[in-house]
file entry-v3.cif (mmCIF, C-alpha atoms)
data_start
loop_
_atom_site.group_PDB
_atom_site.id
_atom_site.type_symbol
_atom_site.label_atom_id
_atom_site.label_comp_id
_atom_site.auth_asym_id
_atom_site.auth_seq_id
_atom_site.Cartn_x
_atom_site.Cartn_y
_atom_site.Cartn_z
ATOM 1 C CA MET R 106 124.053 95.504 110.924
ATOM 2 C CA GLU R 107 124.072 92.171 112.707
ATOM 3 C CA TRP R 108 120.884 93.046 114.527
ATOM 4 C CA LEU R 109 119.293 93.796 111.147
ATOM 5 C CA GLU R 110 120.294 90.408 109.763
ATOM 6 C CA THR R 111 118.803 88.561 112.725
ATOM 7 C CA SER R 112 115.834 90.908 113.149
ATOM 8 C CA ILE R 113 112.359 89.948 111.973
ATOM 9 C CA PHE R 114 113.055 91.894 108.732
ATOM 10 C CA GLY R 115 116.163 89.910 107.902
ATOM 11 C CA ARG R 116 114.747 86.547 108.887
ATOM 12 C CA LEU R 117 111.640 87.088 106.758
ATOM 13 C CA ILE R 118 113.842 86.514 103.692
ATOM 14 C CA ASN R 119 116.886 84.542 104.784
ATOM 15 C CA ASN R 120 115.135 82.130 107.111
ATOM 16 C CA THR R 121 112.028 81.147 105.160
ATOM 17 C CA LEU R 122 111.470 79.106 102.025
ATOM 18 C CA TRP R 123 108.977 81.422 100.320
ATOM 19 C CA GLY R 124 110.139 84.770 101.660
ATOM 20 C CA PHE R 125 112.757 85.342 98.971
ATOM 21 C CA PRO R 126 110.715 84.478 95.850
ATOM 22 C CA ILE R 127 107.655 86.365 97.142
ATOM 23 C CA ASN R 128 109.784 89.403 97.904
ATOM 24 C CA GLU R 129 111.385 89.172 94.456
ATOM 25 C CA ILE R 130 108.008 88.989 92.730
ATOM 26 C CA LEU R 131 106.694 91.987 94.689
ATOM 27 C CA HIS R 132 109.879 93.963 93.916
ATOM 28 C CA ILE R 133 109.523 93.228 90.195
ATOM 29 C CA PHE R 134 105.823 94.137 90.160
ATOM 30 C CA ALA R 135 106.438 97.354 92.009
ATOM 31 C CA MET R 136 109.232 98.490 89.714
ATOM 32 C CA ALA R 137 107.022 97.775 86.698
ATOM 33 C CA LEU R 138 104.376 100.089 88.201
ATOM 34 C CA VAL R 139 107.006 102.804 88.750
ATOM 35 C CA ILE R 140 108.350 102.436 85.208
ATOM 36 C CA GLY R 141 104.857 102.483 83.680
ATOM 37 C CA ALA R 142 103.839 105.638 85.548
ATOM 38 C CA ILE R 143 107.126 107.416 84.709
ATOM 39 C CA VAL R 144 107.029 106.405 81.034
ATOM 40 C CA ALA R 145 103.384 107.471 80.679
ATOM 41 C CA PHE R 146 103.836 110.876 82.309
ATOM 42 C CA SER R 147 107.145 111.525 80.508
ATOM 43 C CA ALA R 148 105.491 110.723 77.189
ATOM 44 C CA ARG R 149 102.894 113.395 77.998
ATOM 45 C CA VAL R 150 105.647 115.865 78.988
ATOM 46 C CA PHE R 151 107.248 115.261 75.564
ATOM 47 C CA GLY R 152 103.931 116.063 73.892
ATOM 48 C CA VAL R 153 102.638 112.607 72.955
ATOM 49 C CA SER R 154 98.811 112.940 73.258
ATOM 50 C CA SER R 155 96.845 115.973 74.463
ATOM 51 C CA ILE R 156 95.396 114.481 77.675
ATOM 52 C CA PRO R 157 95.323 117.227 80.343
ATOM 53 C CA PRO R 158 98.339 116.308 82.532
ATOM 54 C CA ALA R 159 96.283 117.079 85.659
ATOM 55 C CA SER R 160 93.860 114.230 84.817
ATOM 56 C CA LEU R 161 96.770 111.949 83.988
ATOM 57 C CA ALA R 162 98.497 112.799 87.267
ATOM 58 C CA ARG R 163 95.353 111.879 89.226
ATOM 59 C CA VAL R 164 95.487 108.354 87.763
ATOM 60 C CA LEU R 165 99.260 107.919 87.810
ATOM 61 C CA THR R 166 100.079 109.325 91.266
ATOM 62 C CA PRO R 167 98.514 106.444 93.271
ATOM 63 C CA ILE R 168 100.212 103.925 90.933
ATOM 64 C CA LEU R 169 103.560 105.662 91.345
ATOM 65 C CA ILE R 170 103.240 105.901 95.133
ATOM 66 C CA LEU R 171 102.179 102.260 95.455
ATOM 67 C CA GLY R 172 105.030 101.144 93.184
ATOM 68 C CA ALA R 173 107.635 103.291 94.926
ATOM 69 C CA ALA R 174 106.509 102.235 98.418
ATOM 70 C CA VAL R 175 106.487 98.508 97.620
ATOM 71 C CA SER R 176 109.849 98.780 95.788
ATOM 72 C CA LEU R 177 111.463 100.504 98.755
ATOM 73 C CA VAL R 178 109.996 98.120 101.372
ATOM 74 C CA THR R 179 110.861 94.934 99.446
ATOM 75 C CA GLY R 180 114.272 96.391 98.559
ATOM 76 C CA PHE R 181 114.884 97.084 102.233
ATOM 77 C CA LEU R 182 113.920 93.480 103.077
ATOM 78 C CA PHE R 183 116.553 92.160 100.622
ATOM 79 C CA PHE R 184 119.102 94.449 102.221
ATOM 80 C CA ALA R 185 118.071 93.403 105.742
ATOM 81 C CA ALA R 186 118.584 89.730 104.873
ATOM 82 C CA TRP R 187 122.247 90.137 103.786
ATOM 83 C CA PRO R 188 123.368 93.656 104.756
ATOM 84 C CA TYR R 189 127.114 92.946 104.534
ATOM 85 C CA THR R 190 126.869 91.324 101.122
ATOM 86 C CA TYR R 191 125.014 94.338 99.748
ATOM 87 C CA LEU R 192 127.158 96.987 101.449
ATOM 88 C CA GLY R 193 130.332 95.473 99.990
ATOM 89 C CA ASN R 194 128.886 95.348 96.490
ATOM 90 C CA PRO R 195 129.899 98.381 94.367
ATOM 91 C CA VAL R 196 126.975 97.883 92.000
ATOM 92 C CA PHE R 197 124.587 98.087 94.960
ATOM 93 C CA GLN R 198 126.342 101.276 96.121
ATOM 94 C CA ALA R 199 125.981 102.747 92.631
ATOM 95 C CA LYS R 200 122.311 101.739 92.554
ATOM 96 C CA MET R 201 121.645 103.508 95.875
ATOM 97 C CA LEU R 202 123.368 106.671 94.616
ATOM 98 C CA LEU R 203 121.336 106.635 91.409
ATOM 99 C CA LEU R 204 118.187 106.019 93.440
ATOM 100 C CA LEU R 205 118.860 109.027 95.678
ATOM 101 C CA LEU R 206 119.532 111.150 92.594
ATOM 102 C CA MET R 207 116.276 109.998 91.004
ATOM 103 C CA LEU R 208 114.269 110.676 94.165
ATOM 104 C CA ALA R 209 115.729 114.189 94.389
ATOM 105 C CA LEU R 210 115.009 114.841 90.709
ATOM 106 C CA SER R 211 111.470 113.530 91.107
ATOM 107 C CA VAL R 212 110.819 115.985 93.935
ATOM 108 C CA THR R 213 112.037 118.931 91.853
ATOM 109 C CA ALA R 214 110.046 117.664 88.843
ATOM 110 C CA VAL R 215 106.852 117.478 90.914
ATOM 111 C CA ILE R 216 107.437 121.025 92.197
ATOM 112 C CA GLN R 217 107.956 122.278 88.614
ATOM 113 C CA VAL R 218 104.917 120.440 87.313
ATOM 114 C CA ARG R 219 102.751 122.062 89.985
ATOM 115 C CA ARG R 220 104.023 125.505 89.006
ATOM 116 C CA GLN R 221 103.156 125.032 85.334
ATOM 117 C CA GLY R 222 99.415 125.547 85.535
ATOM 118 C CA ALA R 223 98.864 125.935 81.792
ATOM 119 C CA PHE R 224 100.739 122.714 81.096
ATOM 120 C CA MET R 225 98.725 120.879 83.763
ATOM 121 C CA LEU R 226 95.484 122.018 82.126
ATOM 122 C CA GLY R 227 96.749 120.848 78.757
ATOM 123 C CA THR R 228 96.785 124.323 77.189
ATOM 124 C CA ALA R 229 100.577 124.759 76.961
ATOM 125 C CA PRO R 230 103.527 122.469 76.251
ATOM 126 C CA ALA R 231 105.908 121.520 79.063
ATOM 127 C CA SER R 232 108.876 123.815 79.663
ATOM 128 C CA ILE R 233 112.294 122.823 78.350
ATOM 129 C CA GLY R 234 113.475 122.371 81.954
ATOM 130 C CA LEU R 235 110.704 119.892 82.684
ATOM 131 C CA ARG R 236 111.472 117.977 79.493
ATOM 132 C CA TRP R 237 115.116 117.648 80.509
ATOM 133 C CA GLN R 238 114.117 116.419 83.944
ATOM 134 C CA ALA R 239 111.716 113.872 82.484
ATOM 135 C CA ALA R 240 114.458 112.629 80.154
ATOM 136 C CA LEU R 241 116.937 112.345 83.041
ATOM 137 C CA ILE R 242 114.448 110.518 85.246
ATOM 138 C CA LEU R 243 113.724 108.081 82.404
ATOM 139 C CA VAL R 244 117.432 107.375 81.916
ATOM 140 C CA LEU R 245 117.932 107.015 85.669
ATOM 141 C CA VAL R 246 115.064 104.585 86.165
ATOM 142 C CA PHE R 247 116.445 102.251 83.490
ATOM 143 C CA LEU R 248 119.979 102.601 84.891
ATOM 144 C CA ILE R 249 118.653 101.677 88.340
ATOM 145 C CA LEU R 250 116.979 98.640 86.798
ATOM 146 C CA LEU R 251 120.277 97.718 85.120
ATOM 147 C CA ALA R 252 122.219 98.106 88.367
ATOM 148 C CA GLY R 253 119.662 95.949 90.160
ATOM 149 C CA ARG R 254 120.116 93.182 87.609
ATOM 150 C CA LEU R 255 123.916 93.417 87.803
ATOM 151 C CA ILE R 256 124.117 93.204 91.630
ATOM 152 C CA PRO R 257 124.325 89.374 91.697
ATOM 153 C CA TYR R 258 126.727 89.336 88.726
ATOM 154 C CA TRP R 259 129.287 91.928 89.732
ATOM 155 C CA ARG R 260 131.845 89.415 91.030
ATOM 156 C CA SER R 261 131.902 87.451 87.792
ATOM 157 C CA LEU R 262 131.902 90.588 85.636
ATOM 158 C CA ALA R 263 134.419 92.661 87.628
ATOM 159 C CA PRO R 264 137.669 93.079 85.700
ATOM 160 C CA MET S 1370 114.098 65.030 72.990
ATOM 161 C CA LYS S 1371 114.796 66.030 69.376
ATOM 162 C CA ALA S 1372 113.692 69.597 70.034
ATOM 163 C CA LEU S 1373 116.015 70.035 72.978
ATOM 164 C CA GLU S 1374 118.935 68.761 70.867
ATOM 165 C CA PHE S 1375 118.004 71.219 68.156
ATOM 166 C CA PHE S 1376 117.884 74.166 70.571
ATOM 167 C CA SER S 1377 121.194 73.126 72.093
ATOM 168 C CA SER S 1378 122.832 72.753 68.674
ATOM 169 C CA LEU S 1379 122.280 76.401 67.772
ATOM 170 C CA GLY S 1380 125.453 77.408 69.590
ATOM 171 C CA ILE S 1381 123.775 80.095 71.648
ATOM 172 C CA ALA S 1382 124.178 78.065 74.835
ATOM 173 C CA GLU S 1383 127.918 77.963 74.048
ATOM 174 C CA LEU S 1384 127.956 81.716 73.631
ATOM 175 C CA ALA S 1385 126.058 82.179 76.894
ATOM 176 C CA ARG S 1386 128.579 79.993 78.737
ATOM 177 C CA SER S 1387 131.690 81.596 77.260
ATOM 178 C CA GLN S 1388 130.540 85.233 77.387
ATOM 179 C CA LEU S 1389 130.011 86.389 80.955
ATOM 180 C CA TRP S 1390 127.943 89.400 79.886
ATOM 181 C CA TYR S 1391 125.396 87.285 78.002
ATOM 182 C CA SER S 1392 123.093 86.392 80.906
ATOM 183 C CA PRO S 1393 123.046 89.756 82.679
ATOM 184 C CA LEU S 1394 122.525 91.579 79.376
ATOM 185 C CA VAL S 1395 119.621 89.491 78.074
ATOM 186 C CA GLU S 1396 118.076 89.349 81.552
ATOM 187 C CA TYR S 1397 118.272 93.141 81.788
ATOM 188 C CA VAL S 1398 116.523 93.553 78.439
ATOM 189 C CA HIS S 1399 113.899 91.046 79.624
ATOM 190 C CA TYR S 1400 113.295 93.000 82.831
ATOM 191 C CA ALA S 1401 113.173 96.322 81.008
ATOM 192 C CA GLY S 1402 110.781 94.870 78.436
ATOM 193 C CA HIS S 1403 108.345 93.246 80.820
ATOM 194 C CA SER S 1404 108.417 96.261 83.133
ATOM 195 C CA LEU S 1405 107.459 98.483 80.208
ATOM 196 C CA LEU S 1406 104.778 96.024 79.148
ATOM 197 C CA PHE S 1407 103.270 95.465 82.569
ATOM 198 C CA GLY S 1408 103.614 99.048 83.770
ATOM 199 C CA CYS S 1409 101.911 100.474 80.675
ATOM 200 C CA ILE S 1410 99.237 97.820 80.305
ATOM 201 C CA PHE S 1411 98.413 98.140 84.018
ATOM 202 C CA ILE S 1412 97.402 101.786 83.444
ATOM 203 C CA ILE S 1413 95.187 100.796 80.504
ATOM 204 C CA ASP S 1414 93.652 97.896 82.459
ATOM 205 C CA LEU S 1415 92.735 100.171 85.361
ATOM 206 C CA ARG S 1416 91.113 102.594 82.914
ATOM 207 C CA LEU S 1417 89.146 99.761 81.289
ATOM 208 C CA MET S 1418 88.010 98.713 84.751
ATOM 209 C CA GLY S 1419 86.543 102.185 85.224
ATOM 210 C CA MET S 1420 89.249 104.241 86.947
ATOM 211 C CA GLY S 1421 90.308 107.715 85.742
ATOM 212 C CA ARG S 1422 87.259 108.140 83.517
ATOM 213 C CA SER S 1423 88.009 111.810 82.792
ATOM 214 C CA ILE S 1424 90.687 110.482 80.400
ATOM 215 C CA ALA S 1425 89.398 109.217 77.045
ATOM 216 C CA VAL S 1426 90.289 105.557 76.499
ATOM 217 C CA THR S 1427 91.488 106.290 72.970
ATOM 218 C CA ASP S 1428 93.776 109.110 74.224
ATOM 219 C CA LEU S 1429 95.275 106.824 76.865
ATOM 220 C CA HIS S 1430 95.872 104.149 74.226
ATOM 221 C CA ARG S 1431 97.671 106.675 72.065
ATOM 222 C CA LEU S 1432 99.832 107.711 75.015
ATOM 223 C CA VAL S 1433 100.993 104.335 76.352
ATOM 224 C CA LEU S 1434 100.110 101.466 74.019
ATOM 225 C CA ARG S 1435 103.206 101.916 71.856
ATOM 226 C CA TRP S 1436 105.513 101.547 74.875
ATOM 227 C CA ALA S 1437 103.673 98.395 75.927
ATOM 228 C CA ALA S 1438 104.188 97.070 72.385
ATOM 229 C CA VAL S 1439 107.920 97.892 72.563
ATOM 230 C CA GLY S 1440 107.951 96.081 75.914
ATOM 231 C CA VAL S 1441 106.283 92.947 74.484
ATOM 232 C CA GLY S 1442 108.797 92.899 71.631
ATOM 233 C CA LEU S 1443 111.820 93.292 73.917
ATOM 234 C CA ALA S 1444 110.487 90.762 76.442
ATOM 235 C CA MET S 1445 109.790 88.106 73.801
ATOM 236 C CA LEU S 1446 113.091 88.526 71.984
ATOM 237 C CA SER S 1447 115.148 88.515 75.188
ATOM 238 C CA GLY S 1448 112.999 85.694 76.593
ATOM 239 C CA LEU S 1449 113.890 83.574 73.567
ATOM 240 C CA MET S 1450 117.582 84.450 74.070
ATOM 241 C CA ILE S 1451 117.381 83.467 77.757
ATOM 242 C CA PHE S 1452 115.777 80.157 76.769
ATOM 243 C CA LEU S 1453 118.359 79.427 74.055
ATOM 244 C CA GLY S 1454 121.159 80.346 76.448
ATOM 245 C CA ASN S 1455 120.267 77.395 78.672
ATOM 246 C CA PRO S 1456 117.561 75.222 77.064
ATOM 247 C CA GLN S 1457 118.072 72.317 79.500
ATOM 248 C CA LEU S 1458 117.108 74.548 82.412
ATOM 249 C CA PHE S 1459 113.722 75.434 80.898
ATOM 250 C CA TRP S 1460 112.806 72.352 78.873
ATOM 251 C CA GLY S 1461 110.277 70.331 80.866
ATOM 252 C CA ASN S 1462 110.053 72.889 83.679
ATOM 253 C CA ARG S 1463 106.359 72.962 84.620
ATOM 254 C CA ILE S 1464 106.374 76.605 85.610
ATOM 255 C CA PHE S 1465 107.990 77.523 82.282
ATOM 256 C CA ILE S 1466 105.335 75.531 80.389
ATOM 257 C CA ALA S 1467 102.567 77.224 82.388
ATOM 258 C CA LYS S 1468 104.100 80.609 81.539
ATOM 259 C CA LEU S 1469 104.262 79.713 77.839
ATOM 260 C CA LEU S 1470 100.576 78.741 77.951
ATOM 261 C CA LEU S 1471 99.507 81.968 79.656
ATOM 262 C CA ILE S 1472 101.308 84.303 77.222
ATOM 263 C CA PRO S 1473 99.128 83.284 74.219
ATOM 264 C CA LEU S 1474 96.048 83.618 76.457
ATOM 265 C CA ALA S 1475 97.072 87.166 77.355
ATOM 266 C CA LEU S 1476 97.658 87.948 73.663
ATOM 267 C CA ILE S 1477 94.288 86.427 72.696
ATOM 268 C CA ASN S 1478 92.682 88.616 75.368
ATOM 269 C CA ILE S 1479 94.263 91.656 73.671
ATOM 270 C CA ALA S 1480 93.006 90.449 70.267
ATOM 271 C CA ILE S 1481 89.461 89.988 71.631
ATOM 272 C CA PHE S 1482 89.575 93.517 73.029
ATOM 273 C CA HIS S 1483 90.882 94.913 69.767
ATOM 274 C CA TYR S 1484 88.384 93.191 67.449
ATOM 275 C CA ARG S 1485 85.289 92.809 69.655
ATOM 276 C CA ILE S 1486 85.283 95.516 72.324
ATOM 277 C CA GLN S 1487 87.373 98.398 70.977
ATOM 278 C CA PRO S 1488 85.082 99.000 67.906
ATOM 279 C CA GLY S 1489 82.319 100.139 70.272
ATOM 280 C CA VAL S 1490 84.568 102.356 72.391
ATOM 281 C CA ALA S 1491 82.938 105.579 71.146
ATOM 282 C CA ASP S 1492 79.906 104.817 73.352
ATOM 283 C CA TRP S 1493 81.920 104.850 76.585
ATOM 284 C CA ASN S 1494 85.186 106.558 75.619
ATOM 285 C CA GLN S 1495 85.051 109.203 78.361
ATOM 286 C CA TYR S 1496 83.283 109.830 81.715
ATOM 287 C CA LEU S 1497 81.030 106.745 81.440
ATOM 288 C CA MET S 1498 81.569 103.407 83.164
ATOM 289 C CA PRO S 1499 82.953 100.963 80.567
ATOM 290 C CA PRO S 1500 80.675 98.006 79.730
ATOM 291 C CA LEU S 1501 81.109 94.703 81.560
ATOM 292 C CA SER S 1502 83.000 93.227 78.575
ATOM 293 C CA ALA S 1503 85.650 95.968 78.757
ATOM 294 C CA ARG S 1504 85.946 95.730 82.548
ATOM 295 C CA LEU S 1505 86.365 91.957 82.329
ATOM 296 C CA SER S 1506 88.907 92.331 79.530
ATOM 297 C CA GLY S 1507 90.946 94.742 81.659
ATOM 298 C CA MET S 1508 90.781 92.447 84.672
ATOM 299 C CA CYS S 1509 91.800 89.376 82.632
ATOM 300 C CA SER S 1510 94.692 91.318 81.118
ATOM 301 C CA LEU S 1511 95.903 92.435 84.545
ATOM 302 C CA LEU S 1512 95.641 88.953 86.078
ATOM 303 C CA LEU S 1513 97.180 87.175 83.072
ATOM 304 C CA TRP S 1514 100.192 89.481 82.717
ATOM 305 C CA ALA S 1515 100.728 89.499 86.484
ATOM 306 C CA SER S 1516 100.701 85.691 86.486
ATOM 307 C CA VAL S 1517 103.127 85.584 83.555
ATOM 308 C CA MET S 1518 105.536 87.816 85.476
ATOM 309 C CA ALA S 1519 105.220 85.903 88.736
ATOM 310 C CA LEU S 1520 105.686 82.544 86.974
ATOM 311 C CA GLY S 1521 108.755 83.875 85.190
ATOM 312 C CA ARG S 1522 110.365 84.624 88.528
ATOM 313 C CA LEU S 1523 109.369 81.214 89.917
ATOM 314 C CA ILE S 1524 110.937 79.171 87.058
ATOM 315 C CA ALA S 1525 114.287 79.243 88.819
ATOM 316 C CA TYR S 1526 112.831 77.643 91.939
ATOM 317 C CA PHE S 1527 111.348 74.493 90.367
#
call {"tool": "encode", "arguments": {"input": "entry-v3.cif", "output": "structure tokens"}}
result
Amino acid sequence: MEWLETSIFGRLINNTLWGFPINEILHIFAMALVIGAIVAFSARVFGVSSIPPASLARVLTPILILGAAVSLVTGFLFFAAWPYTYLGNPVFQAKMLLLLLMLALSVTAVIQVRRQGAFMLGTAPASIGLRWQAALILVLVFLILLAGRLIPYWRSLAP
Amino acid sequence: MKALEFFSSLGIAELARSQLWYSPLVEYVHYAGHSLLFGCIFIIDLRLMGMGRSIAVTDLHRLVLRWAAVGVGLAMLSGLMIFLGNPQLFWGNRIFIAKLLLIPLALINIAIFHYRIQPGVADWNQYLMPPLSARLSGMCSLLLWASVMALGRLIAYF
């Protein structure tokens, strides 16, 4: 972990004046893109609007991938700057667990979506299973956001 | 500094100081709100700029605009609570003032779209490249909301 802290990744944030705010801004932008794409596709899964989900997915997939990639890279840069601080923070640990759970659920949701041809063409509603997954992913993404906001506060809030 | 005294006298700053959950809670709502707003409006802006033209503009509005509106509401309410929780921190901060000037501009841009551009949407609702006015409106919206978000993060550094 020490090598990480003193590596180019760590020093980008903890050794420069603008590294931290720029990384923060990028992280916030990226998570907004992720949330927008998830909310929009989930709304379609729940039957709001009759846009063929295949067309929607073509627009939302690049947004989601860009958002997820930038979130993960900027998140990693925060971690690289102060690895020990983050590792010892239970809220950060919880956030990483929730993140893994959401990534796993997203993979299964994508597989299910691809199997539901009629839904993708907009001629059939989404299956109950897909609706549950969309609901869970929505809850998870806002929990991850909450955990992220609580990371710097956990010491003052811990009982 | 009458205004600052007034904001400080409301007692919300007291509450924010005495209740440890105040700041994280209102900040979380602010993040959730502006993420909803930016994430949803970003999709609409890209569509107005000509991407994903197989989707009708009006259908996309029906799908995501309401969540963007919820996001604006949450962000403004929680933003006010963050301000009242520590008015001294924000009062006179140049970045904060710049942010407060850009928000009305972004809202005016939405109003212009709604009253001037949207009425003619039937001509370019699907498959066709939106007119220059719509593309510009989408670009302004994207740049303005992105600036608002970036400035919000920078307030703490000035």
call {"tool": "closest_residue", "arguments": {"input": "entry-v3.cif", "among": "R:Ser176, R:Ser155, R:Ser160, R:Gln217", "to": "Pro230 (chain R)", "atoms": "all atoms listed in the file"}}
result
R:Ser155
call {"tool": "residues_around", "arguments": {"input": "entry-v3.cif", "residues": "Trp1436 (chain S)", "least_positions_apart": "4", "cutoff": "9 Å", "atoms": "all atoms listed in the file", "output": "list in words"}}
result
Gly141, Val144 and Ala145 of chain R; Leu1405, Leu1406, Cys1409, Leu1432, Gly1440 and Val1441 of chain S
call {"tool": "resolve_selection", "arguments": {"input": "entry-v3.cif", "expression": "the PyMOL selection byres ((chain S and resi 1497-1511) around 7)", "output": "ChimeraX atom specification"}}
result
/S:1411,1414-1415,1417-1419,1422,1475,1478,1482,1486,1493,1495-1496,1512-1515
call {"tool": "write_last_selection", "arguments": {"input": "entry-v3.cif", "atoms": "C-alpha atoms", "output": "PDB file, in the coordinates of the input"}}
result
ATOM      1  CA  PHE S1411      98.413  98.140  84.018  1.00  0.00           C
ATOM      2  CA  ASP S1414      93.652  97.896  82.459  1.00  0.00           C
ATOM      3  CA  LEU S1415      92.735 100.171  85.361  1.00  0.00           C
ATOM      4  CA  LEU S1417      89.146  99.761  81.289  1.00  0.00           C
ATOM      5  CA  MET S1418      88.010  98.713  84.751  1.00  0.00           C
ATOM      6  CA  GLY S1419      86.543 102.185  85.224  1.00  0.00           C
ATOM      7  CA  ARG S1422      87.259 108.140  83.517  1.00  0.00           C
ATOM      8  CA  ALA S1475      97.072  87.166  77.355  1.00  0.00           C
ATOM      9  CA  ASN S1478      92.682  88.616  75.368  1.00  0.00           C
ATOM     10  CA  PHE S1482      89.575  93.517  73.029  1.00  0.00           C
ATOM     11  CA  ILE S1486      85.283  95.516  72.324  1.00  0.00           C
ATOM     12  CA  TRP S1493      81.920 104.850  76.585  1.00  0.00           C
ATOM     13  CA  GLN S1495      85.051 109.203  78.361  1.00  0.00           C
ATOM     14  CA  TYR S1496      83.283 109.830  81.715  1.00  0.00           C
ATOM     15  CA  LEU S1512      95.641  88.953  86.078  1.00  0.00           C
ATOM     16  CA  LEU S1513      97.180  87.175  83.072  1.00  0.00           C
ATOM     17  CA  TRP S1514     100.192  89.481  82.717  1.00  0.00           C
ATOM     18  CA  ALA S1515     100.728  89.499  86.484  1.00  0.00           C
TER      19      ALA S1515
END
call {"tool": "residues_around", "arguments": {"input": "entry-v3.cif", "residues": "Thr228 (chain R)", "least_positions_apart": "2", "cutoff": "12 Å", "atoms": "all atoms listed in the file", "output": "MDAnalysis selection string"}}
result
chainID R and resid 152 155:159 221:226 230:231
call {"tool": "write_last_selection", "arguments": {"input": "entry-v3.cif", "atoms": "C-alpha atoms", "output": "PDB file, in the frame of the given file"}}
result
ATOM      1  CA  GLY R 152     103.931 116.063  73.892  1.00  0.00           C
ATOM      2  CA  SER R 155      96.845 115.973  74.463  1.00  0.00           C
ATOM      3  CA  ILE R 156      95.396 114.481  77.675  1.00  0.00           C
ATOM      4  CA  PRO R 157      95.323 117.227  80.343  1.00  0.00           C
ATOM      5  CA  PRO R 158      98.339 116.308  82.532  1.00  0.00           C
ATOM      6  CA  ALA R 159      96.283 117.079  85.659  1.00  0.00           C
ATOM      7  CA  GLN R 221     103.156 125.032  85.334  1.00  0.00           C
ATOM      8  CA  GLY R 222      99.415 125.547  85.535  1.00  0.00           C
ATOM      9  CA  ALA R 223      98.864 125.935  81.792  1.00  0.00           C
ATOM     10  CA  PHE R 224     100.739 122.714  81.096  1.00  0.00           C
ATOM     11  CA  MET R 225      98.725 120.879  83.763  1.00  0.00           C
ATOM     12  CA  LEU R 226      95.484 122.018  82.126  1.00  0.00           C
ATOM     13  CA  PRO R 230     103.527 122.469  76.251  1.00  0.00           C
ATOM     14  CA  ALA R 231     105.908 121.520  79.063  1.00  0.00           C
TER      15      ALA R 231
END
call {"tool": "closest_atom_pairs", "arguments": {"input": "entry-v3.cif", "of": "chain S", "to": "chain R", "cutoff": "7 Å", "atoms": "all atoms listed in the file", "output": "Markdown table"}}
result
| residue | atom | partner | partner_atom | distance |
| --- | --- | --- | --- | --- |
| S:Leu1389 | CA | R:Leu262 | CA | 6.6 |
| S:Pro1393 | CA | R:Leu255 | CA | 6.4 |
| S:Tyr1397 | CA | R:Leu251 | CA | 6.0 |
| S:Ser1404 | CA | R:Ala137 | CA | 4.1 |
| S:Leu1405 | CA | R:Gly141 | CA | 5.9 |
| S:Phe1407 | CA | R:Ala137 | CA | 6.0 |
| S:Gly1408 | CA | R:Gly141 | CA | 3.7 |
| S:Cys1409 | CA | R:Gly141 | CA | 4.7 |
| S:Gly1421 | CA | R:Val164 | CA | 5.6 |
| S:Ser1423 | CA | R:Ser160 | CA | 6.6 |
| S:Ile1424 | CA | R:Ser160 | CA | 6.6 |
| S:Asp1428 | CA | R:Ser154 | CA | 6.4 |
| S:Arg1431 | CA | R:Ser154 | CA | 6.5 |
| S:Leu1432 | CA | R:Ser154 | CA | 5.6 |
| S:Val1433 | CA | R:Ala145 | CA | 5.9 |
| S:Ala1519 | CA | R:Ile130 | CA | 5.8 |
| S:Arg1522 | CA | R:Ile130 | CA | 6.5 |
| S:Leu1523 | CA | R:Pro126 | CA | 6.9 |
call {"tool": "atom_distance", "arguments": {"input": "entry-v3.cif", "atom1": "CA of Gln1388 (chain S)", "atom2": "CA of Ala1444 (chain S)"}}
result
20.8 Å
call {"tool": "atom_distance", "arguments": {"input": "entry-v3.cif", "atom1": "CA of Leu241 (chain R)", "atom2": "CA of Leu203 (chain R)"}}
result
11.0 Å
call {"tool": "atom_distance", "arguments": {"input": "entry-v3.cif", "atom1": "CA of Pro188 (chain R)", "atom2": "CA of His1399 (chain S)"}}
result
27.0 Å
call {"tool": "resolve_selection", "arguments": {"input": "entry-v3.cif", "expression": "the PyMOL selection byres ((chain R and resi 214) around 12)", "output": "short mmCIF file (atom, residue, chain, number, x, y, z; two decimals) with C-alpha atoms, in the coordinates of the input"}}
result
data_model
loop_
_atom_site.label_atom_id
_atom_site.label_comp_id
_atom_site.auth_asym_id
_atom_site.auth_seq_id
_atom_site.Cartn_x
_atom_site.Cartn_y
_atom_site.Cartn_z
CA ILE R 143 107.13 107.42 84.71
CA PHE R 146 103.84 110.88 82.31
CA SER R 147 107.14 111.52 80.51
CA VAL R 150 105.65 115.86 78.99
CA MET R 207 116.28 110.00 91.00
CA LEU R 208 114.27 110.68 94.16
CA ALA R 209 115.73 114.19 94.39
CA LEU R 210 115.01 114.84 90.71
CA SER R 211 111.47 113.53 91.11
CA VAL R 212 110.82 115.98 93.94
CA THR R 213 112.04 118.93 91.85
CA VAL R 215 106.85 117.48 90.91
CA ILE R 216 107.44 121.02 92.20
CA GLN R 217 107.96 122.28 88.61
CA VAL R 218 104.92 120.44 87.31
CA ARG R 219 102.75 122.06 89.98
CA ARG R 220 104.02 125.50 89.01
CA GLN R 221 103.16 125.03 85.33
CA ALA R 231 105.91 121.52 79.06
CA SER R 232 108.88 123.82 79.66
CA ILE R 233 112.29 122.82 78.35
CA GLY R 234 113.48 122.37 81.95
CA LEU R 235 110.70 119.89 82.68
CA ARG R 236 111.47 117.98 79.49
CA TRP R 237 115.12 117.65 80.51
CA GLN R 238 114.12 116.42 83.94
CA ALA R 239 111.72 113.87 82.48
CA ALA R 240 114.46 112.63 80.15
CA LEU R 241 116.94 112.34 83.04
CA ILE R 242 114.45 110.52 85.25
#
call {"tool": "resolve_selection", "arguments": {"input": "entry-v3.cif", "expression": "the PyMOL selection byres ((chain S and resi 1520) around 8)", "output": "PyMOL selection string"}}
result
chain S and resi 1464-1465+1467-1468+1516-1519+1521-1524
